[in-house]
Amino acid sequence: MPRDDNKVNSFNKIILSTMEGYYPVNPEEIIYCRADDSYTHFYLQSGQHHVVSRNLKDYEASLGPYNFFRIHKSYMVNINHVSMIKKADGVSLLMSNNIELPIAWRKKDAFISFMKSL
């Protein structure tokens with residue numbers, strides 16, 4: 001059976017297959033993911049940035065158990081790296097790397113409920 005890259009394995013790492021090579025990453029180290037057409041950008045605690053040629057939807061199920069939430073069609077965040085939920089001008093998130101990300105209006109209520117349930 002062929003191996004499916006970019007999935008979480010029994011060692012709780014996700015293997016990011018990039019043009020340069022394969023990067024084993026702990027999901028907890030991922031701050032957020034950003035969609036870019038058929039590519040996904042991964043932003044890590046270490047400051048590293050990896051681009052994988054798979055779309056963001058491919059990662060929703062595998063990263064969901066690790067406290068990831070899709071806040072926008074272009075963003076999925078690790079809620080452990082949310083520093084602040086900003087209310088001004090709609091709702092946005094300030095992440096642990098000081099990047100501010102928008103929450104889609106239709107995702108706002110579900111996200112707030114999810115955060116309050118923790």
# chains A, B, ... in the order shown; residues from 1 in each chain; ligands from 1
$ select_by_dssp --residues "chain A" --states "strand (DSSP E or B)" --output "ChimeraX atom specification"
/A:8,14-17,22-25,30-36,39-44,49-52,68-72,75-78,82-86,92-95,100-102
$ write_last_selection --atoms "C-alpha atoms" --output "PDB file, in the first residue's frame"
ATOM      1  CA  VAL A   8       0.126  12.561  11.236  1.00  0.00           C
ATOM      2  CA  ILE A  14       3.175  15.534  10.425  1.00  0.00           C
ATOM      3  CA  ILE A  15       5.490  15.023   7.481  1.00  0.00           C
ATOM      4  CA  LEU A  16       5.606  18.123   5.283  1.00  0.00           C
ATOM      5  CA  SER A  17       6.677  17.210   1.777  1.00  0.00           C
ATOM      6  CA  TYR A  22      10.562  16.063   3.882  1.00  0.00           C
ATOM      7  CA  TYR A  23      10.185  17.848   7.199  1.00  0.00           C
ATOM      8  CA  PRO A  24       8.824  15.970  10.243  1.00  0.00           C
ATOM      9  CA  VAL A  25       7.010  18.537  12.395  1.00  0.00           C
ATOM     10  CA  ILE A  30       2.659  24.887  13.863  1.00  0.00           C
ATOM     11  CA  ILE A  31       1.307  28.371  14.611  1.00  0.00           C
ATOM     12  CA  TYR A  32      -0.970  28.565  11.580  1.00  0.00           C
ATOM     13  CA  CYS A  33      -1.459  27.395   8.017  1.00  0.00           C
ATOM     14  CA  ARG A  34      -2.310  29.633   5.083  1.00  0.00           C
ATOM     15  CA  ALA A  35      -3.941  28.540   1.830  1.00  0.00           C
ATOM     16  CA  ASP A  36      -2.511  29.767  -1.450  1.00  0.00           C
ATOM     17  CA  TYR A  39      -0.451  25.186  -1.874  1.00  0.00           C
ATOM     18  CA  THR A  40      -0.398  25.376   1.907  1.00  0.00           C
ATOM     19  CA  HIS A  41       2.064  27.527   3.832  1.00  0.00           C
ATOM     20  CA  PHE A  42       3.031  26.324   7.316  1.00  0.00           C
ATOM     21  CA  TYR A  43       4.347  28.870   9.833  1.00  0.00           C
ATOM     22  CA  LEU A  44       6.251  27.356  12.764  1.00  0.00           C
ATOM     23  CA  HIS A  49       8.097  28.577   6.835  1.00  0.00           C
ATOM     24  CA  HIS A  50       7.358  25.551   4.651  1.00  0.00           C
ATOM     25  CA  VAL A  51       5.282  25.412   1.456  1.00  0.00           C
ATOM     26  CA  VAL A  52       3.567  22.158   0.547  1.00  0.00           C
ATOM     27  CA  PHE A  68      -6.558  23.455  14.915  1.00  0.00           C
ATOM     28  CA  PHE A  69      -9.544  25.498  13.780  1.00  0.00           C
ATOM     29  CA  ARG A  70     -10.356  26.772  10.296  1.00  0.00           C
ATOM     30  CA  ILE A  71     -11.112  30.458  10.876  1.00  0.00           C
ATOM     31  CA  HIS A  72     -11.240  31.548   7.251  1.00  0.00           C
ATOM     32  CA  TYR A  75      -6.398  30.227   7.398  1.00  0.00           C
ATOM     33  CA  MET A  76      -6.330  27.389   9.887  1.00  0.00           C
ATOM     34  CA  VAL A  77      -4.857  28.190  13.303  1.00  0.00           C
ATOM     35  CA  ASN A  78      -3.449  26.266  16.222  1.00  0.00           C
ATOM     36  CA  VAL A  82      -3.726  32.417  19.871  1.00  0.00           C
ATOM     37  CA  SER A  83      -2.495  35.340  21.982  1.00  0.00           C
ATOM     38  CA  MET A  84      -5.611  37.492  21.716  1.00  0.00           C
ATOM     39  CA  ILE A  85      -9.033  37.623  20.101  1.00  0.00           C
ATOM     40  CA  LYS A  86      -9.448  41.197  18.883  1.00  0.00           C
ATOM     41  CA  SER A  92      -9.347  38.900  14.270  1.00  0.00           C
ATOM     42  CA  LEU A  93      -6.716  36.854  16.061  1.00  0.00           C
ATOM     43  CA  LEU A  94      -3.302  37.894  17.234  1.00  0.00           C
ATOM     44  CA  MET A  95      -1.030  34.867  17.036  1.00  0.00           C
ATOM     45  CA  GLU A 100      -2.879  39.214  12.984  1.00  0.00           C
ATOM     46  CA  LEU A 101      -5.277  36.941  11.090  1.00  0.00           C
ATOM     47  CA  PRO A 102      -8.888  37.653  10.091  1.00  0.00           C
TER      48      PRO A 102
END
$ select_by_dssp --residues "stretch 5-80 of chain A" --states "helix (DSSP H, G or I)" --output "ChimeraX atom specification"
/A:27-29,57-66,79-80
$ write_last_selection --atoms "C-alpha atoms" --output "PDB file, in the first residue's frame"
ATOM      1  CA  PRO A  27       1.666  19.720  15.155  1.00  0.00           C
ATOM      2  CA  GLU A  28       2.111  21.734  18.377  1.00  0.00           C
ATOM      3  CA  GLU A  29       4.936  23.673  16.675  1.00  0.00           C
ATOM      4  CA  LYS A  57      -8.560  21.253   3.127  1.00  0.00           C
ATOM      5  CA  ASP A  58      -6.290  18.182   2.988  1.00  0.00           C
ATOM      6  CA  TYR A  59      -5.001  19.069   6.475  1.00  0.00           C
ATOM      7  CA  GLU A  60      -8.233  19.866   8.309  1.00  0.00           C
ATOM      8  CA  ALA A  61      -9.031  16.316   9.421  1.00  0.00           C
ATOM      9  CA  SER A  62      -5.486  15.341  10.362  1.00  0.00           C
ATOM     10  CA  LEU A  63      -4.764  18.526  12.352  1.00  0.00           C
ATOM     11  CA  GLY A  64      -8.213  18.933  13.936  1.00  0.00           C
ATOM     12  CA  PRO A  65      -7.384  16.648  16.899  1.00  0.00           C
ATOM     13  CA  TYR A  66      -4.391  18.897  17.653  1.00  0.00           C
ATOM     14  CA  ILE A  79      -5.548  27.633  19.076  1.00  0.00           C
ATOM     15  CA  ASN A  80      -2.652  27.023  21.477  1.00  0.00           C
TER      16      ASN A  80
END
$ atom_distance --atom1 "atom CA of A:Leu118" --atom2 "atom CA of A:Gly47"
27.0 Å
$ atom_distance --atom1 "atom CA of A:Asn67" --atom2 "atom CA of A:Ala104"
18.2 Å
$ atom_distance --atom1 "atom CA of A:Trp105" --atom2 "atom CA of A:Val91"
7.9 Å
